[in-house]
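Text of model_22.cif (mmCIF, C-alpha atoms and all ligand atoms) as supplied:
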data_upload
#
loop_
_atom_site.group_PDB
_atom_site.id
_atom_site.type_symbol
_atom_site.label_atom_id
_atom_site.label_comp_id
_atom_site.auth_asym_id
_atom_site.auth_seq_id
_atom_site.Cartn_x
_atom_site.Cartn_y
_atom_site.Cartn_z
ATOM 1 C CA MET A 1 25.950 41.572 -11.904
ATOM 2 C CA ILE A 2 23.047 40.552 -9.649
ATOM 3 C CA GLY A 3 22.051 44.228 -9.368
ATOM 4 C CA ALA A 4 22.015 44.583 -13.159
ATOM 5 C CA ALA A 5 19.948 41.389 -13.518
ATOM 6 C CA LEU A 6 17.450 42.556 -10.884
ATOM 7 C CA LEU A 7 17.109 45.952 -12.559
ATOM 8 C CA SER A 8 16.611 44.313 -15.953
ATOM 9 C CA THR A 9 13.987 41.983 -14.428
ATOM 10 C CA CYS A 10 12.069 44.906 -12.904
ATOM 11 C CA HIS A 11 12.358 46.855 -16.177
ATOM 12 C CA LEU A 12 10.871 43.907 -18.077
ATOM 13 C CA LEU A 13 8.234 43.351 -15.373
ATOM 14 C CA ALA A 14 7.102 46.919 -16.042
ATOM 15 C CA LEU A 15 6.519 45.852 -19.656
ATOM 16 C CA ALA A 16 4.496 42.849 -18.452
ATOM 17 C CA ILE A 17 2.374 45.119 -16.226
ATOM 18 C CA GLY A 18 2.219 48.213 -18.441
ATOM 19 C CA VAL A 19 1.227 46.764 -21.823
ATOM 20 C CA PRO A 20 -1.803 44.844 -20.469
ATOM 21 C CA GLY A 21 -2.594 47.913 -18.352
ATOM 22 C CA VAL A 22 -2.779 50.378 -21.241
ATOM 23 C CA VAL A 23 -4.431 47.876 -23.639
ATOM 24 C CA LEU A 24 -7.116 46.914 -21.088
ATOM 25 C CA ARG A 25 -7.661 50.582 -20.258
ATOM 26 C CA GLY A 26 -8.529 51.015 -23.947
ATOM 27 C CA VAL A 27 -10.894 48.024 -23.778
ATOM 28 C CA ALA A 28 -12.610 49.551 -20.719
ATOM 29 C CA LEU A 29 -12.942 52.918 -22.508
ATOM 30 C CA ARG A 30 -14.577 51.126 -25.454
ATOM 31 C CA GLY A 31 -16.945 49.496 -22.951
ATOM 32 C CA LEU A 32 -17.833 52.932 -21.549
ATOM 33 C CA GLU A 33 -18.489 54.195 -25.087
ATOM 34 C CA LYS A 34 -21.073 51.423 -25.409
ATOM 35 C CA GLY A 35 -22.647 52.461 -22.089
ATOM 36 C CA ASP A 36 -21.294 49.582 -19.988
ATOM 37 C CA GLU A 37 -21.347 51.026 -16.433
ATOM 38 C CA SER A 38 -19.307 48.121 -15.029
ATOM 39 C CA ALA A 39 -16.347 49.186 -17.206
ATOM 40 C CA PHE A 40 -15.474 51.936 -14.708
ATOM 41 C CA SER A 41 -13.937 49.558 -12.155
ATOM 42 C CA ARG A 42 -11.961 47.762 -14.904
ATOM 43 C CA LEU A 43 -10.795 51.145 -16.183
ATOM 44 C CA PHE A 44 -9.495 52.161 -12.743
ATOM 45 C CA THR A 45 -7.683 48.840 -12.213
ATOM 46 C CA ALA A 46 -6.021 49.010 -15.648
ATOM 47 C CA ASP A 47 -5.139 52.671 -15.064
ATOM 48 C CA ALA A 48 -3.437 51.790 -11.758
ATOM 49 C CA ALA A 49 -1.369 49.090 -13.506
ATOM 50 C CA TRP A 50 -0.358 51.566 -16.226
ATOM 51 C CA GLY A 51 0.681 54.148 -13.615
ATOM 52 C CA LEU A 52 2.680 51.592 -11.639
ATOM 53 C CA ALA A 53 4.494 50.457 -14.802
ATOM 54 C CA ALA A 54 5.345 54.058 -15.748
ATOM 55 C CA LEU A 55 6.986 54.638 -12.351
ATOM 56 C CA LEU A 56 8.814 51.291 -12.498
ATOM 57 C CA TRP A 57 10.138 52.078 -16.001
ATOM 58 C CA LEU A 58 11.350 55.492 -14.986
ATOM 59 C CA GLY A 59 13.016 54.334 -11.743
ATOM 60 C CA THR A 60 14.728 51.258 -13.188
ATOM 61 C CA GLY A 61 15.445 52.898 -16.574
ATOM 62 C CA LEU A 62 17.196 55.963 -15.147
ATOM 63 C CA THR A 63 19.167 53.779 -12.701
ATOM 64 C CA ARG A 64 20.293 51.562 -15.585
ATOM 65 C CA ALA A 65 21.179 54.477 -17.842
ATOM 66 C CA PHE A 66 22.961 56.665 -15.293
ATOM 67 C CA GLY A 67 24.006 54.187 -12.577
ATOM 68 C CA PRO A 68 27.006 51.806 -12.514
ATOM 69 C CA PHE A 69 25.045 48.729 -13.678
ATOM 70 C CA GLU A 70 25.089 48.818 -17.485
ATOM 71 C CA LYS A 71 27.137 50.445 -20.252
ATOM 72 C CA GLY A 72 27.364 53.864 -18.541
ATOM 73 C CA SER A 73 25.758 57.232 -19.273
ATOM 74 C CA ALA A 74 28.407 58.197 -21.882
ATOM 75 C CA TYR A 75 27.274 55.251 -24.009
ATOM 76 C CA TYR A 76 23.550 55.927 -23.693
ATOM 77 C CA LEU A 77 23.781 59.684 -24.277
ATOM 78 C CA HIS A 78 25.424 58.925 -27.655
ATOM 79 C CA SER A 79 22.933 56.203 -28.578
ATOM 80 C CA GLY A 80 20.366 57.447 -31.115
ATOM 81 C CA PRO A 81 17.802 54.752 -30.241
ATOM 82 C CA PHE A 82 18.182 55.563 -26.508
ATOM 83 C CA LEU A 83 17.412 59.244 -27.142
ATOM 84 C CA ILE A 84 14.443 58.290 -29.351
ATOM 85 C CA LYS A 85 13.255 55.866 -26.661
ATOM 86 C CA VAL A 86 13.389 58.508 -23.927
ATOM 87 C CA GLY A 87 11.676 60.939 -26.332
ATOM 88 C CA LEU A 88 8.871 58.403 -26.874
ATOM 89 C CA TYR A 89 8.547 57.942 -23.117
ATOM 90 C CA ALA A 90 8.381 61.729 -22.651
ATOM 91 C CA ALA A 91 5.738 61.982 -25.406
ATOM 92 C CA ILE A 92 3.632 59.326 -23.659
ATOM 93 C CA ALA A 93 4.037 61.162 -20.333
ATOM 94 C CA ALA A 94 2.904 64.436 -21.952
ATOM 95 C CA ILE A 95 -0.113 62.771 -23.609
ATOM 96 C CA GLU A 96 -0.958 61.100 -20.294
ATOM 97 C CA VAL A 97 -1.314 64.308 -18.248
ATOM 98 C CA TRP A 98 -4.944 64.990 -19.184
ATOM 99 C CA PRO A 99 -6.142 61.329 -18.942
ATOM 100 C CA MET A 100 -4.386 60.918 -15.579
ATOM 101 C CA ILE A 101 -6.060 64.004 -14.120
ATOM 102 C CA THR A 102 -9.417 63.019 -15.639
ATOM 103 C CA PHE A 103 -9.324 59.460 -14.246
ATOM 104 C CA LEU A 104 -8.326 60.782 -10.808
ATOM 105 C CA ARG A 105 -11.345 63.124 -10.912
ATOM 106 C CA TRP A 106 -13.564 60.230 -11.999
ATOM 107 C CA ARG A 107 -12.358 58.093 -9.084
ATOM 108 C CA VAL A 108 -13.297 60.869 -6.655
ATOM 109 C CA ALA A 109 -16.661 61.408 -8.391
ATOM 110 C CA ARG A 110 -17.456 57.662 -8.261
ATOM 111 C CA ALA A 111 -16.517 57.507 -4.569
ATOM 112 C CA LYS A 112 -18.916 60.403 -3.900
ATOM 113 C CA GLN A 113 -21.535 58.853 -6.225
ATOM 114 C CA GLN A 114 -21.502 61.959 -8.414
ATOM 115 C CA PRO A 115 -22.187 61.805 -12.205
ATOM 116 C CA ILE A 116 -19.304 61.449 -14.696
ATOM 117 C CA ASP A 117 -19.156 63.303 -18.024
ATOM 118 C CA ARG A 118 -19.041 60.458 -20.599
ATOM 119 C CA ALA A 119 -18.652 62.925 -23.491
ATOM 120 C CA LEU A 120 -14.882 62.841 -22.862
ATOM 121 C CA VAL A 121 -14.593 59.080 -23.421
ATOM 122 C CA PRO A 122 -14.024 59.042 -27.245
ATOM 123 C CA ARG A 123 -11.169 61.550 -26.972
ATOM 124 C CA LEU A 124 -9.626 59.641 -24.068
ATOM 125 C CA ARG A 125 -9.848 56.443 -26.134
ATOM 126 C CA VAL A 126 -7.982 58.035 -29.068
ATOM 127 C CA LEU A 127 -5.224 59.243 -26.733
ATOM 128 C CA ASN A 128 -5.050 55.785 -25.160
ATOM 129 C CA ASP A 129 -4.660 54.159 -28.608
ATOM 130 C CA LEU A 130 -1.837 56.585 -29.364
ATOM 131 C CA GLU A 131 -0.119 55.661 -26.096
ATOM 132 C CA VAL A 132 -0.412 51.941 -26.971
ATOM 133 C CA ALA A 133 1.273 52.543 -30.362
ATOM 134 C CA LEU A 134 4.108 54.611 -28.855
ATOM 135 C CA THR A 135 4.635 52.072 -26.062
ATOM 136 C CA LEU A 136 4.975 49.214 -28.546
ATOM 137 C CA ALA A 137 7.647 51.150 -30.482
ATOM 138 C CA ILE A 138 9.870 51.491 -27.392
ATOM 139 C CA PRO A 139 11.115 47.850 -27.082
ATOM 140 C CA PHE A 140 12.363 48.085 -30.702
ATOM 141 C CA CYS A 141 14.444 51.156 -29.752
ATOM 142 C CA ALA A 142 15.657 49.280 -26.648
ATOM 143 C CA SER A 143 16.779 46.314 -28.757
ATOM 144 C CA LEU A 144 18.673 48.611 -31.148
ATOM 145 C CA MET A 145 20.376 50.562 -28.358
ATOM 146 C CA ALA A 146 21.424 47.398 -26.502
ATOM 147 C CA ARG A 147 23.192 46.236 -29.709
ATOM 148 C CA GLY A 148 24.913 49.533 -30.490
ATOM 149 C CA VAL A 149 22.848 50.220 -33.636
ATOM 150 C CA GLY A 150 22.502 53.969 -34.254
ATOM 151 C CA PHE A 151 25.372 54.879 -31.919
ATOM 152 C CA GLY A 152 26.391 58.503 -32.590
ATOM 153 C CA LEU A 153 23.234 59.096 -34.680
ATOM 154 C CA PHE A 154 22.601 62.562 -33.227
ATOM 155 C CA ASP A 155 26.207 63.484 -32.355
ATOM 156 C CA HIS A 156 26.316 66.189 -35.055
ATOM 157 C CA VAL A 157 23.463 68.014 -33.265
ATOM 158 C CA SER A 158 25.385 68.712 -30.024
HETATM 159 C C1 LIG A 201 12.853 57.059 -19.099
HETATM 160 C C2 LIG A 201 12.521 55.814 -19.324
HETATM 161 C C3 LIG A 201 13.484 54.697 -19.638
HETATM 162 C C4 LIG A 201 14.855 54.637 -19.538
HETATM 163 C C5 LIG A 201 15.806 55.715 -19.049
HETATM 164 C C6 LIG A 201 15.262 53.309 -19.976
HETATM 165 C C7 LIG A 201 16.564 52.825 -19.998
HETATM 166 C C8 LIG A 201 16.949 51.561 -20.382
HETATM 167 C C9 LIG A 201 18.305 51.050 -20.342
HETATM 168 C C10 LIG A 201 19.511 51.829 -19.891
HETATM 169 C C11 LIG A 201 18.285 49.772 -20.796
HETATM 170 C C12 LIG A 201 19.502 48.827 -20.919
HETATM 171 C C13 LIG A 201 19.905 48.669 -22.380
HETATM 172 C C14 LIG A 201 21.173 47.852 -22.520
HETATM 173 O O1 LIG A 201 21.132 46.626 -22.341
HETATM 174 O O2 LIG A 201 22.218 48.461 -22.810
HETATM 175 C C15 LIG A 201 16.920 49.459 -21.147
HETATM 176 C C16 LIG A 201 16.489 48.253 -21.676
HETATM 177 C C17 LIG A 201 15.214 47.996 -22.075
HETATM 178 N N1 LIG A 201 14.135 48.831 -21.960
HETATM 179 FE FE1 LIG A 201 14.120 50.688 -21.107
HETATM 180 N N2 LIG A 201 14.138 52.602 -20.335
HETATM 181 C C18 LIG A 201 13.039 53.415 -20.152
HETATM 182 C C19 LIG A 201 11.732 53.101 -20.455
HETATM 183 C C20 LIG A 201 11.334 51.945 -21.087
HETATM 184 C C21 LIG A 201 9.999 51.672 -21.539
HETATM 185 C C22 LIG A 201 8.829 52.655 -21.367
HETATM 186 C C23 LIG A 201 10.000 50.430 -22.130
HETATM 187 C C24 LIG A 201 8.901 49.650 -22.780
HETATM 188 C C25 LIG A 201 7.786 50.148 -23.256
HETATM 189 C C26 LIG A 201 11.345 49.911 -22.041
HETATM 190 C C27 LIG A 201 11.756 48.690 -22.553
HETATM 191 C C28 LIG A 201 13.020 48.190 -22.480
HETATM 192 C C29 LIG A 201 13.406 46.876 -22.959
HETATM 193 C C30 LIG A 201 12.482 45.850 -23.630
HETATM 194 C C31 LIG A 201 14.775 46.762 -22.710
HETATM 195 C C32 LIG A 201 15.671 45.573 -23.100
HETATM 196 C C33 LIG A 201 15.539 44.487 -22.108
HETATM 197 C C34 LIG A 201 16.371 44.691 -20.890
HETATM 198 O O3 LIG A 201 17.596 44.644 -20.970
HETATM 199 O O4 LIG A 201 15.797 44.923 -19.817
HETATM 200 N N3 LIG A 201 12.129 50.870 -21.410
HETATM 201 N N4 LIG A 201 16.135 50.567 -20.878
#
Target encoding structure tokens, full file:
Amino acid sequence: MIGAALLSTCHLLALAIGVPGVVLRGVALRGLEKGDESAFSRLFTADAAWGLAALLWLGTGLTRAFGPFEKGSAYYLHSGPFLIKVGLYAAIAAIEVWPMITFLRWRVARAKQQPIDRALVPRLRVLNDLEVALTLAIPFCASLMARGVGFGLFDHVS
């Protein structure tokens, strides 16, 4: 019981860290679009928060879904909203590959005081906005799956 509560707490903490992280990363990208040089450090801080939340979600989420703490993997694998939720998470992870690599390169370039190609910023901002939208859809799926709505939704597929 305590284990389940702690996992749920960490899962929700990821939401508290991740949503401000990805939203503020978008704000920093908008600042860069306007030529605000100081936005780089805010971008890197927000990006670190977003990365930390992603790892926390994955670790606690998989433990909850496939460990002995919640309803059990048989339940979740038949829950339509759970499968949609994991699909949304996977979509975010796929979208994030290029921004993650780019921001890592930018960190190295800044440390070496090398120039950064700002032409990429508008595209990175669009991808960030997409990630915000997908992230906000996930708690709705979580609420449905926790209540058994959409159970067996995709059972005819397998
Ligand atoms: C691979 C990634 C993830 C997995 C495997 C996962 C799995 C789970 C599981 C098993 C539960 C328990 C549901 C129940 O009570 O029966 C849960 C709850 C929840 N998840 Fe996730 N999750 C993941 C990512 C996320 C993300 C990215 C978000 C938010 C953007 C999120 C938000 C929530 C919320 C709000 C709840 C309900 C509150 C709670 O009981 O903690 N999850 N998740």
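Counting from atom CA of A:Ala54, the distance to atom CA of A:Val149 is 25.3 Å.
Checking A:Lys112, A:Arg64, A:Arg30, A:Arg107 one by one against A:Ala4, counting only C-alpha atoms, you find the shortest gap at A:Arg64.
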Work out where the centre of an axis-aligned box around every listed atom of ligand LIG 201 (chain A) lies and how long its edges are once 8 Å is added on each side; give both in Å to one decimal as JSON.
{"center_x": 15.0, "center_y": 50.8, "center_z": -21.3, "size_x": 30.4, "size_y": 28.6, "size_z": 20.6}
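Selection by the PyMOL selection byres (((chain A and resi 86) around 12) and not hetatm) on the present file picks out A:Trp57, A:Leu58, A:Gly61, A:Leu62, A:Ala65, A:Tyr76, A:Leu77, A:Ser79, A:Gly80, A:Pro81, A:Phe82, A:Leu83, A:Ile84, A:Lys85, A:Gly87, A:Leu88, A:Tyr89, A:Ala90, A:Ala91, A:Ile92, A:Ala93, A:Leu134, A:Thr135, A:Ala137, A:Ile138, A:Pro139, A:Cys141, A:Ala142, A:Met145.
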Hits of the PyMOL selection byres (((chain A and resi 7) around 9) and not hetatm) in this structure, as JSON, numbers by chain: {"A": [2, 3, 4, 5, 6, 8, 9, 10, 11, 12, 60, 61, 63, 64, 69]}
Hits from the PyMOL selection byres (((chain A and resi 95-102) around 9) and not hetatm), listed as a VMD selection string: chain A and resid 47 51 90 to 94 103 to 107 124 127 to 128 130 to 131
Contacts of A:Gly26 within 12 Å, only C-alpha atoms, excl. fewer than 6 positions in-chain, as a ChimeraX atom specification: /A:19-20,32-33,39-40,42-47,50,99,121-133
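Residue nearest ligand LIG 201 (chain A) within the list A:His156, A:Arg118, A:His78, A:Lys71: A:Lys71 [criterion: smallest interatomic distance, only C-alpha atoms and all ligand atoms].
If you measure from each of A:Gln114, A:Leu24, A:Leu29, A:Leu144 to ligand LIG 201 (chain A) using only C-alpha atoms and all ligand atoms, the closest one turns out to be A:Leu144.
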Interatomic distance, atom CA of A:Leu55 to atom CA of A:Ala74 (Å, one decimal): 23.7 Å
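Atom pair atom CA of A:Tyr75 / atom C5 of ligand LIG 201 (chain A) has a distance of 12.5 Å (rounded to one decimal).
If you measure from each of A:Ala49, A:Ala146, A:Ser41, A:Phe151 to A:Ile17 using all atoms listed in the file, the closest one turns out to be A:Ala49.
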Just write stretch 64-129 of chain A with C-alpha atoms, as a PDB file, in the first residue's frame, taken from the block above.
ATOM      1  CA  ARG A  64       2.948   0.572 -11.677  1.00  0.00           C
ATOM      2  CA  ALA A  65       1.718  -1.109 -14.846  1.00  0.00           C
ATOM      3  CA  PHE A  66       3.818  -4.275 -14.676  1.00  0.00           C
ATOM      4  CA  GLY A  67       4.735  -4.531 -10.974  1.00  0.00           C
ATOM      5  CA  PRO A  68       2.636  -5.859  -8.059  1.00  0.00           C
ATOM      6  CA  PHE A  69       1.448  -2.417  -6.874  1.00  0.00           C
ATOM      7  CA  GLU A  70      -1.690  -1.627  -8.883  1.00  0.00           C
ATOM      8  CA  LYS A  71      -4.302  -3.517 -10.907  1.00  0.00           C
ATOM      9  CA  GLY A  72      -1.782  -5.808 -12.659  1.00  0.00           C
ATOM     10  CA  SER A  73      -0.499  -5.983 -16.235  1.00  0.00           C
ATOM     11  CA  ALA A  74      -3.477  -8.081 -17.453  1.00  0.00           C
ATOM     12  CA  TYR A  75      -5.778  -5.174 -16.591  1.00  0.00           C
ATOM     13  CA  TYR A  76      -3.650  -2.475 -18.205  1.00  0.00           C
ATOM     14  CA  LEU A  77      -2.910  -4.413 -21.399  1.00  0.00           C
ATOM     15  CA  HIS A  78      -6.692  -4.632 -21.984  1.00  0.00           C
ATOM     16  CA  SER A  79      -7.323  -0.978 -21.133  1.00  0.00           C
ATOM     17  CA  GLY A  80      -7.861   1.125 -24.274  1.00  0.00           C
ATOM     18  CA  PRO A  81      -6.965   4.413 -22.548  1.00  0.00           C
ATOM     19  CA  PHE A  82      -3.756   2.835 -21.148  1.00  0.00           C
ATOM     20  CA  LEU A  83      -2.648   1.782 -24.642  1.00  0.00           C
ATOM     21  CA  ILE A  84      -3.512   5.245 -26.009  1.00  0.00           C
ATOM     22  CA  LYS A  85      -1.621   6.834 -23.107  1.00  0.00           C
ATOM     23  CA  VAL A  86       1.513   4.774 -23.751  1.00  0.00           C
ATOM     24  CA  GLY A  87       1.129   5.540 -27.478  1.00  0.00           C
ATOM     25  CA  LEU A  88       1.015   9.275 -26.684  1.00  0.00           C
ATOM     26  CA  TYR A  89       4.104   8.916 -24.501  1.00  0.00           C
ATOM     27  CA  ALA A  90       5.895   7.054 -27.313  1.00  0.00           C
ATOM     28  CA  ALA A  91       4.862   9.766 -29.807  1.00  0.00           C
ATOM     29  CA  ILE A  92       6.294  12.453 -27.510  1.00  0.00           C
ATOM     30  CA  ALA A  93       9.514  10.435 -27.122  1.00  0.00           C
ATOM     31  CA  ALA A  94       9.824  10.115 -30.920  1.00  0.00           C
ATOM     32  CA  ILE A  95       9.187  13.846 -31.458  1.00  0.00           C
ATOM     33  CA  GLU A  96      11.711  14.628 -28.716  1.00  0.00           C
ATOM     34  CA  VAL A  97      14.689  12.852 -30.324  1.00  0.00           C
ATOM     35  CA  TRP A  98      15.743  15.758 -32.553  1.00  0.00           C
ATOM     36  CA  PRO A  99      15.179  18.533 -29.931  1.00  0.00           C
ATOM     37  CA  MET A 100      17.049  16.502 -27.297  1.00  0.00           C
ATOM     38  CA  ILE A 101      20.075  16.023 -29.548  1.00  0.00           C
ATOM     39  CA  THR A 102      19.941  19.667 -30.665  1.00  0.00           C
ATOM     40  CA  PHE A 103      19.799  21.050 -27.104  1.00  0.00           C
ATOM     41  CA  LEU A 104      22.672  18.768 -26.054  1.00  0.00           C
ATOM     42  CA  ARG A 105      24.732  20.142 -28.966  1.00  0.00           C
ATOM     43  CA  TRP A 106      23.785  23.692 -27.973  1.00  0.00           C
ATOM     44  CA  ARG A 107      24.917  23.086 -24.385  1.00  0.00           C
ATOM     45  CA  VAL A 108      28.315  21.925 -25.649  1.00  0.00           C
ATOM     46  CA  ALA A 109      28.540  24.863 -28.086  1.00  0.00           C
ATOM     47  CA  ARG A 110      27.677  27.370 -25.320  1.00  0.00           C
ATOM     48  CA  ALA A 111      30.266  25.818 -22.991  1.00  0.00           C
ATOM     49  CA  LYS A 112      32.889  26.220 -25.738  1.00  0.00           C
ATOM     50  CA  GLN A 113      31.566  29.715 -26.577  1.00  0.00           C
ATOM     51  CA  GLN A 114      30.834  28.635 -30.146  1.00  0.00           C
ATOM     52  CA  PRO A 115      27.943  30.152 -32.197  1.00  0.00           C
ATOM     53  CA  ILE A 116      24.496  28.494 -32.233  1.00  0.00           C
ATOM     54  CA  ASP A 117      22.329  28.205 -35.357  1.00  0.00           C
ATOM     55  CA  ARG A 118      19.148  30.122 -34.389  1.00  0.00           C
ATOM     56  CA  ALA A 119      17.453  29.225 -37.695  1.00  0.00           C
ATOM     57  CA  LEU A 120      16.293  25.975 -36.049  1.00  0.00           C
ATOM     58  CA  VAL A 121      14.381  27.741 -33.264  1.00  0.00           C
ATOM     59  CA  PRO A 122      10.954  28.161 -35.006  1.00  0.00           C
ATOM     60  CA  ARG A 123      10.814  24.461 -35.899  1.00  0.00           C
ATOM     61  CA  LEU A 124      11.869  23.462 -32.386  1.00  0.00           C
ATOM     62  CA  ARG A 125       9.131  25.719 -30.989  1.00  0.00           C
ATOM     63  CA  VAL A 126       6.447  24.036 -33.132  1.00  0.00           C
ATOM     64  CA  LEU A 127       7.597  20.595 -31.971  1.00  0.00           C
ATOM     65  CA  ASN A 128       7.605  21.818 -28.371  1.00  0.00           C
ATOM     66  CA  ASP A 129       4.009  23.095 -28.723  1.00  0.00           C
TER      67      ASP A 129
END
